[in-house]
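Asks: Data: start_15.cif, mmCIF, N, CA, C and O atoms.
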```
data_data
loop_
_atom_site.label_atom_id
_atom_site.label_comp_id
_atom_site.auth_asym_id
_atom_site.auth_seq_id
_atom_site.Cartn_x
_atom_site.Cartn_y
_atom_site.Cartn_z
N MET A 235 -41.45 -15.62 9.39
CA MET A 235 -40.44 -16.51 9.93
C MET A 235 -39.27 -16.64 8.96
O MET A 235 -38.18 -16.94 9.37
N GLY A 236 -39.49 -16.39 7.66
CA GLY A 236 -38.44 -16.56 6.68
C GLY A 236 -37.42 -15.43 6.69
O GLY A 236 -36.30 -15.59 6.26
N SER A 237 -37.79 -14.26 7.20
CA SER A 237 -36.90 -13.10 7.19
C SER A 237 -36.45 -12.80 8.62
O SER A 237 -37.21 -12.93 9.56
N PHE A 238 -35.19 -12.39 8.74
CA PHE A 238 -34.67 -12.03 10.05
C PHE A 238 -34.92 -10.56 10.31
O PHE A 238 -34.88 -9.72 9.40
N SER A 239 -35.14 -10.20 11.57
CA SER A 239 -35.34 -8.81 11.93
C SER A 239 -33.98 -8.15 12.16
O SER A 239 -32.94 -8.80 12.15
N ILE A 240 -34.00 -6.86 12.40
CA ILE A 240 -32.77 -6.11 12.63
C ILE A 240 -32.06 -6.61 13.88
O ILE A 240 -30.84 -6.61 13.95
N TRP A 241 -32.81 -7.07 14.87
CA TRP A 241 -32.20 -7.56 16.11
C TRP A 241 -31.41 -8.83 15.88
O TRP A 241 -30.35 -9.02 16.48
N HIS A 242 -31.90 -9.70 15.02
CA HIS A 242 -31.15 -10.91 14.69
C HIS A 242 -29.80 -10.56 14.07
O HIS A 242 -28.77 -11.14 14.41
N TRP A 243 -29.81 -9.61 13.12
CA TRP A 243 -28.58 -9.22 12.44
C TRP A 243 -27.60 -8.53 13.39
O TRP A 243 -26.38 -8.71 13.27
N LEU A 244 -28.12 -7.73 14.33
CA LEU A 244 -27.24 -7.08 15.30
C LEU A 244 -26.58 -8.11 16.22
O LEU A 244 -25.39 -7.99 16.54
N ILE A 245 -27.31 -9.12 16.62
CA ILE A 245 -26.74 -10.18 17.47
C ILE A 245 -25.66 -10.93 16.70
O ILE A 245 -24.58 -11.23 17.24
N VAL A 246 -25.92 -11.24 15.44
CA VAL A 246 -24.92 -11.93 14.62
C VAL A 246 -23.67 -11.06 14.47
O VAL A 246 -22.54 -11.55 14.57
N LEU A 247 -23.85 -9.76 14.26
CA LEU A 247 -22.72 -8.84 14.13
C LEU A 247 -21.88 -8.80 15.41
O LEU A 247 -20.65 -8.84 15.35
N VAL A 248 -22.52 -8.76 16.56
CA VAL A 248 -21.80 -8.75 17.83
C VAL A 248 -21.01 -10.04 18.02
O VAL A 248 -19.85 -10.03 18.43
N ILE A 249 -21.61 -11.16 17.68
CA ILE A 249 -20.92 -12.45 17.82
C ILE A 249 -19.71 -12.52 16.89
O ILE A 249 -18.62 -12.96 17.29
N VAL A 250 -19.86 -12.06 15.66
CA VAL A 250 -18.75 -12.06 14.70
C VAL A 250 -17.63 -11.15 15.21
O VAL A 250 -16.45 -11.50 15.12
N MET A 251 -17.98 -9.98 15.76
CA MET A 251 -16.96 -9.08 16.28
C MET A 251 -16.24 -9.68 17.48
O MET A 251 -15.04 -9.49 17.65
N LEU A 252 -16.95 -10.43 18.30
CA LEU A 252 -16.31 -11.07 19.44
C LEU A 252 -15.38 -12.20 19.01
O LEU A 252 -14.32 -12.40 19.58
N VAL A 253 -15.77 -12.93 17.98
CA VAL A 253 -14.96 -14.05 17.52
C VAL A 253 -13.71 -13.58 16.79
O VAL A 253 -12.60 -14.02 17.07
N PHE A 254 -13.87 -12.66 15.84
CA PHE A 254 -12.75 -12.25 15.00
C PHE A 254 -12.03 -11.01 15.50
O PHE A 254 -10.86 -10.80 15.18
N GLY A 255 -12.70 -10.15 16.20
CA GLY A 255 -12.08 -8.90 16.64
C GLY A 255 -12.22 -7.82 15.58
O GLY A 255 -12.29 -8.11 14.39
N THR A 256 -12.24 -6.58 16.00
CA THR A 256 -12.47 -5.48 15.06
C THR A 256 -11.26 -5.24 14.15
O THR A 256 -11.41 -4.86 12.99
N LYS A 257 -10.04 -5.46 14.66
CA LYS A 257 -8.85 -5.21 13.85
C LYS A 257 -8.78 -6.17 12.67
O LYS A 257 -8.50 -5.78 11.54
N LYS A 258 -9.06 -7.44 12.93
CA LYS A 258 -9.02 -8.43 11.84
C LYS A 258 -10.11 -8.16 10.82
O LYS A 258 -9.90 -8.28 9.62
N LEU A 259 -11.31 -7.76 11.30
CA LEU A 259 -12.39 -7.44 10.37
C LEU A 259 -12.05 -6.22 9.53
O LEU A 259 -12.38 -6.16 8.35
N ARG A 260 -11.37 -5.23 10.12
CA ARG A 260 -10.97 -4.04 9.37
C ARG A 260 -9.96 -4.43 8.29
O ARG A 260 -10.02 -3.94 7.16
N ASN A 261 -9.03 -5.32 8.62
CA ASN A 261 -8.04 -5.76 7.64
C ASN A 261 -8.70 -6.53 6.50
O ASN A 261 -8.34 -6.36 5.34
N VAL A 262 -9.66 -7.37 6.83
CA VAL A 262 -10.38 -8.13 5.80
C VAL A 262 -11.13 -7.18 4.89
O VAL A 262 -11.15 -7.33 3.67
N GLY A 263 -11.75 -6.15 5.48
CA GLY A 263 -12.49 -5.17 4.68
C GLY A 263 -11.59 -4.41 3.73
O GLY A 263 -11.93 -4.19 2.57
N SER A 264 -10.41 -3.99 4.22
CA SER A 264 -9.51 -3.24 3.34
C SER A 264 -8.92 -4.14 2.26
O SER A 264 -8.73 -3.71 1.12
N ASP A 265 -8.65 -5.39 2.58
CA ASP A 265 -8.15 -6.33 1.57
C ASP A 265 -9.20 -6.58 0.49
O ASP A 265 -8.88 -6.63 -0.70
N LEU A 266 -10.44 -6.72 0.92
CA LEU A 266 -11.53 -6.95 -0.04
C LEU A 266 -11.72 -5.72 -0.93
O LEU A 266 -11.90 -5.85 -2.15
N GLY A 267 -11.64 -4.53 -0.34
CA GLY A 267 -11.76 -3.30 -1.13
C GLY A 267 -10.64 -3.16 -2.14
O GLY A 267 -10.86 -2.75 -3.27
N GLY A 268 -9.42 -3.51 -1.74
CA GLY A 268 -8.29 -3.45 -2.67
C GLY A 268 -8.43 -4.44 -3.81
O GLY A 268 -8.08 -4.15 -4.95
N ALA A 269 -8.97 -5.61 -3.49
CA ALA A 269 -9.17 -6.61 -4.54
C ALA A 269 -10.22 -6.15 -5.55
O ALA A 269 -10.06 -6.33 -6.76
N VAL A 270 -11.30 -5.55 -5.07
CA VAL A 270 -12.35 -5.06 -5.97
C VAL A 270 -11.80 -3.93 -6.84
O VAL A 270 -12.07 -3.88 -8.04
N LYS A 271 -11.01 -3.03 -6.24
CA LYS A 271 -10.42 -1.93 -7.00
C LYS A 271 -9.47 -2.46 -8.08
O LYS A 271 -9.48 -2.00 -9.21
N GLY A 272 -8.65 -3.44 -7.72
CA GLY A 272 -7.75 -4.04 -8.69
C GLY A 272 -8.49 -4.72 -9.83
O GLY A 272 -8.09 -4.65 -10.99
N PHE A 273 -9.59 -5.38 -9.50
CA PHE A 273 -10.40 -6.04 -10.52
C PHE A 273 -10.99 -5.02 -11.48
O PHE A 273 -10.96 -5.21 -12.70
N LYS A 274 -11.51 -3.92 -10.95
CA LYS A 274 -12.09 -2.88 -11.81
C LYS A 274 -11.03 -2.26 -12.71
O LYS A 274 -11.28 -2.01 -13.89
N ASP A 275 -9.84 -1.99 -12.16
CA ASP A 275 -8.76 -1.44 -12.97
C ASP A 275 -8.34 -2.41 -14.07
O ASP A 275 -8.08 -2.00 -15.21
N GLY A 276 -8.29 -3.68 -13.75
CA GLY A 276 -7.95 -4.69 -14.75
C GLY A 276 -8.98 -4.77 -15.86
O GLY A 276 -8.64 -4.95 -17.03
N MET A 277 -10.25 -4.63 -15.50
CA MET A 277 -11.31 -4.66 -16.51
C MET A 277 -11.20 -3.44 -17.43
O MET A 277 -11.42 -3.56 -18.64
N LYS A 278 -10.86 -2.27 -16.87
CA LYS A 278 -10.71 -1.08 -17.70
C LYS A 278 -9.54 -1.24 -18.66
O LYS A 278 -9.63 -0.87 -19.83
N GLU A 279 -8.41 -1.79 -18.19
CA GLU A 279 -7.26 -2.01 -19.05
C GLU A 279 -7.55 -3.05 -20.11
O GLU A 279 -7.11 -2.93 -21.24
N GLY A 280 -8.31 -4.06 -19.76
CA GLY A 280 -8.65 -5.12 -20.72
C GLY A 280 -9.50 -4.61 -21.85
O GLY A 280 -9.32 -4.99 -23.00
N THR A 281 -10.45 -3.71 -21.58
CA THR A 281 -11.30 -3.18 -22.64
C THR A 281 -10.54 -2.17 -23.48
O THR A 281 -10.80 -2.02 -24.66
N ALA A 282 -9.55 -1.48 -22.90
CA ALA A 282 -8.76 -0.51 -23.67
C ALA A 282 -7.80 -1.23 -24.61
O ALA A 282 -7.52 -0.75 -25.71
N ASP A 283 -7.30 -2.39 -24.21
CA ASP A 283 -6.36 -3.14 -25.04
C ASP A 283 -7.04 -3.93 -26.14
O ASP A 283 -6.41 -4.32 -27.11
N ALA A 284 -8.31 -4.19 -26.03
CA ALA A 284 -9.02 -5.04 -26.98
C ALA A 284 -9.51 -4.22 -28.17
O ALA A 284 -10.69 -4.09 -28.42
N LYS A 285 -8.57 -3.68 -28.93
CA LYS A 285 -8.93 -2.93 -30.14
C LYS A 285 -9.00 -3.92 -31.30
O LYS A 285 -8.19 -4.83 -31.39
N PRO A 286 -9.93 -3.72 -32.22
CA PRO A 286 -10.00 -4.63 -33.37
C PRO A 286 -8.77 -4.46 -34.26
O PRO A 286 -8.38 -3.35 -34.61
N THR A 287 -8.14 -5.58 -34.61
CA THR A 287 -6.93 -5.53 -35.42
C THR A 287 -7.24 -5.60 -36.91
O THR A 287 -6.46 -5.16 -37.72
N GLU A 288 -8.36 -6.16 -37.27
CA GLU A 288 -8.73 -6.28 -38.68
C GLU A 288 -10.00 -5.48 -38.92
O GLU A 288 -10.88 -5.42 -38.07
N PRO A 289 -10.13 -4.89 -40.09
CA PRO A 289 -11.37 -4.19 -40.39
C PRO A 289 -12.51 -5.19 -40.54
O PRO A 289 -12.30 -6.36 -40.86
N ALA A 290 -13.69 -4.73 -40.34
CA ALA A 290 -14.86 -5.61 -40.44
C ALA A 290 -15.02 -6.08 -41.88
O ALA A 290 -14.74 -5.36 -42.83
N GLN A 291 -15.46 -7.30 -42.05
CA GLN A 291 -15.65 -7.85 -43.39
C GLN A 291 -16.86 -7.20 -44.04
O GLN A 291 -17.88 -6.97 -43.40
N GLN A 292 -16.72 -6.92 -45.32
CA GLN A 292 -17.82 -6.33 -46.05
C GLN A 292 -18.70 -7.43 -46.60
O GLN A 292 -18.22 -8.42 -47.15
N VAL A 293 -19.97 -7.24 -46.45
CA VAL A 293 -20.92 -8.25 -46.89
C VAL A 293 -21.29 -7.97 -48.35
O VAL A 293 -21.51 -6.84 -48.75
N GLY A 294 -21.34 -9.02 -49.17
CA GLY A 294 -21.78 -8.88 -50.54
C GLY A 294 -20.66 -8.76 -51.55
O GLY A 294 -20.92 -8.67 -52.74
N HIS A 295 -19.42 -8.75 -51.14
CA HIS A 295 -18.31 -8.67 -52.08
C HIS A 295 -17.64 -10.04 -52.19
O HIS A 295 -17.40 -10.71 -51.21
N THR A 296 -17.35 -10.44 -53.42
CA THR A 296 -16.73 -11.73 -53.66
C THR A 296 -15.33 -11.52 -54.22
O THR A 296 -15.13 -10.69 -55.10
N ILE A 297 -14.39 -12.27 -53.72
CA ILE A 297 -13.03 -12.22 -54.22
C ILE A 297 -12.84 -13.45 -55.10
O ILE A 297 -13.03 -14.58 -54.65
N GLU A 298 -12.49 -13.21 -56.36
CA GLU A 298 -12.31 -14.32 -57.27
C GLU A 298 -10.83 -14.59 -57.45
O GLU A 298 -10.01 -13.70 -57.42
N GLY A 299 -10.50 -15.85 -57.62
CA GLY A 299 -9.11 -16.21 -57.86
C GLY A 299 -9.00 -17.71 -58.05
O GLY A 299 -9.96 -18.45 -58.01
N GLU A 300 -7.79 -18.15 -58.31
CA GLU A 300 -7.53 -19.56 -58.53
C GLU A 300 -6.61 -20.08 -57.46
O GLU A 300 -5.66 -19.40 -57.08
N ALA A 301 -6.88 -21.26 -56.99
CA ALA A 301 -5.99 -21.91 -56.03
C ALA A 301 -5.09 -22.86 -56.77
O ALA A 301 -5.53 -23.61 -57.64
N LYS A 302 -3.82 -22.82 -56.47
CA LYS A 302 -2.88 -23.72 -57.12
C LYS A 302 -2.58 -24.87 -56.17
O LYS A 302 -2.35 -24.66 -54.98
N LYS A 303 -2.53 -26.05 -56.72
CA LYS A 303 -2.23 -27.23 -55.93
C LYS A 303 -0.75 -27.50 -55.99
O LYS A 303 -0.14 -27.50 -57.04
N GLU A 304 -0.15 -27.70 -54.82
CA GLU A 304 1.29 -28.00 -54.75
C GLU A 304 1.53 -29.44 -55.18
O GLU A 304 0.81 -30.35 -54.80
N GLN A 305 2.57 -29.61 -55.95
CA GLN A 305 2.93 -30.97 -56.33
C GLN A 305 4.08 -31.44 -55.44
O GLN A 305 5.09 -30.75 -55.32
N VAL A 306 3.91 -32.59 -54.89
CA VAL A 306 4.90 -33.11 -53.96
C VAL A 306 5.81 -34.09 -54.64
O VAL A 306 5.58 -34.81 -55.50
#
```
Write the structure described by the file as structure tokens, please.

Replies:
Amino acid sequence: MGSFSIWHWLIVLVIVMLVFGTKKLRNVGSDLGGAVKGFKDGMKEGTADAKPTEPAQQVGHTIEGEAKKEQV
């Protein structure tokens, strides 16, 4: 009872096609496909642009020096 059979899904598909029409559903499908393609292209550009600007810090090296205090 928890799962629908193929006949249930076919009836739902027919009702949706009657309500919205095939042309509107085709437009929605192409818009959704274009949005997914744009998202994938954006993700590829984002990973290509994210180059490390600083070298990785070396572990175990200490930099010694003195800090000078400014007098106001």

Asks: Could you state the separation of CA of Ser237 (chain A) and CA of Phe254 (chain A) in Å, given to one decimal place?

Replies: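 Computing it gives 25.4 Å between the two atoms.
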
Asks: In Å to one decimal, how far is atom N of Gly263 (chain A) from atom C of His242 (chain A)?

Replies: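 Answer for the atom C of His242 (chain A) to atom N of Gly263 (chain A) separation: 20.5 Å.
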
Asks: Expressed in Å to a single decimal, how great is the separation between CA of Gly272 (chain A) and atom C of Val250 (chain A)?

Replies: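 Computing the Euclidean distance for CA of Gly272 (chain A) and atom C of Val250 (chain A) yields 26.8 Å.
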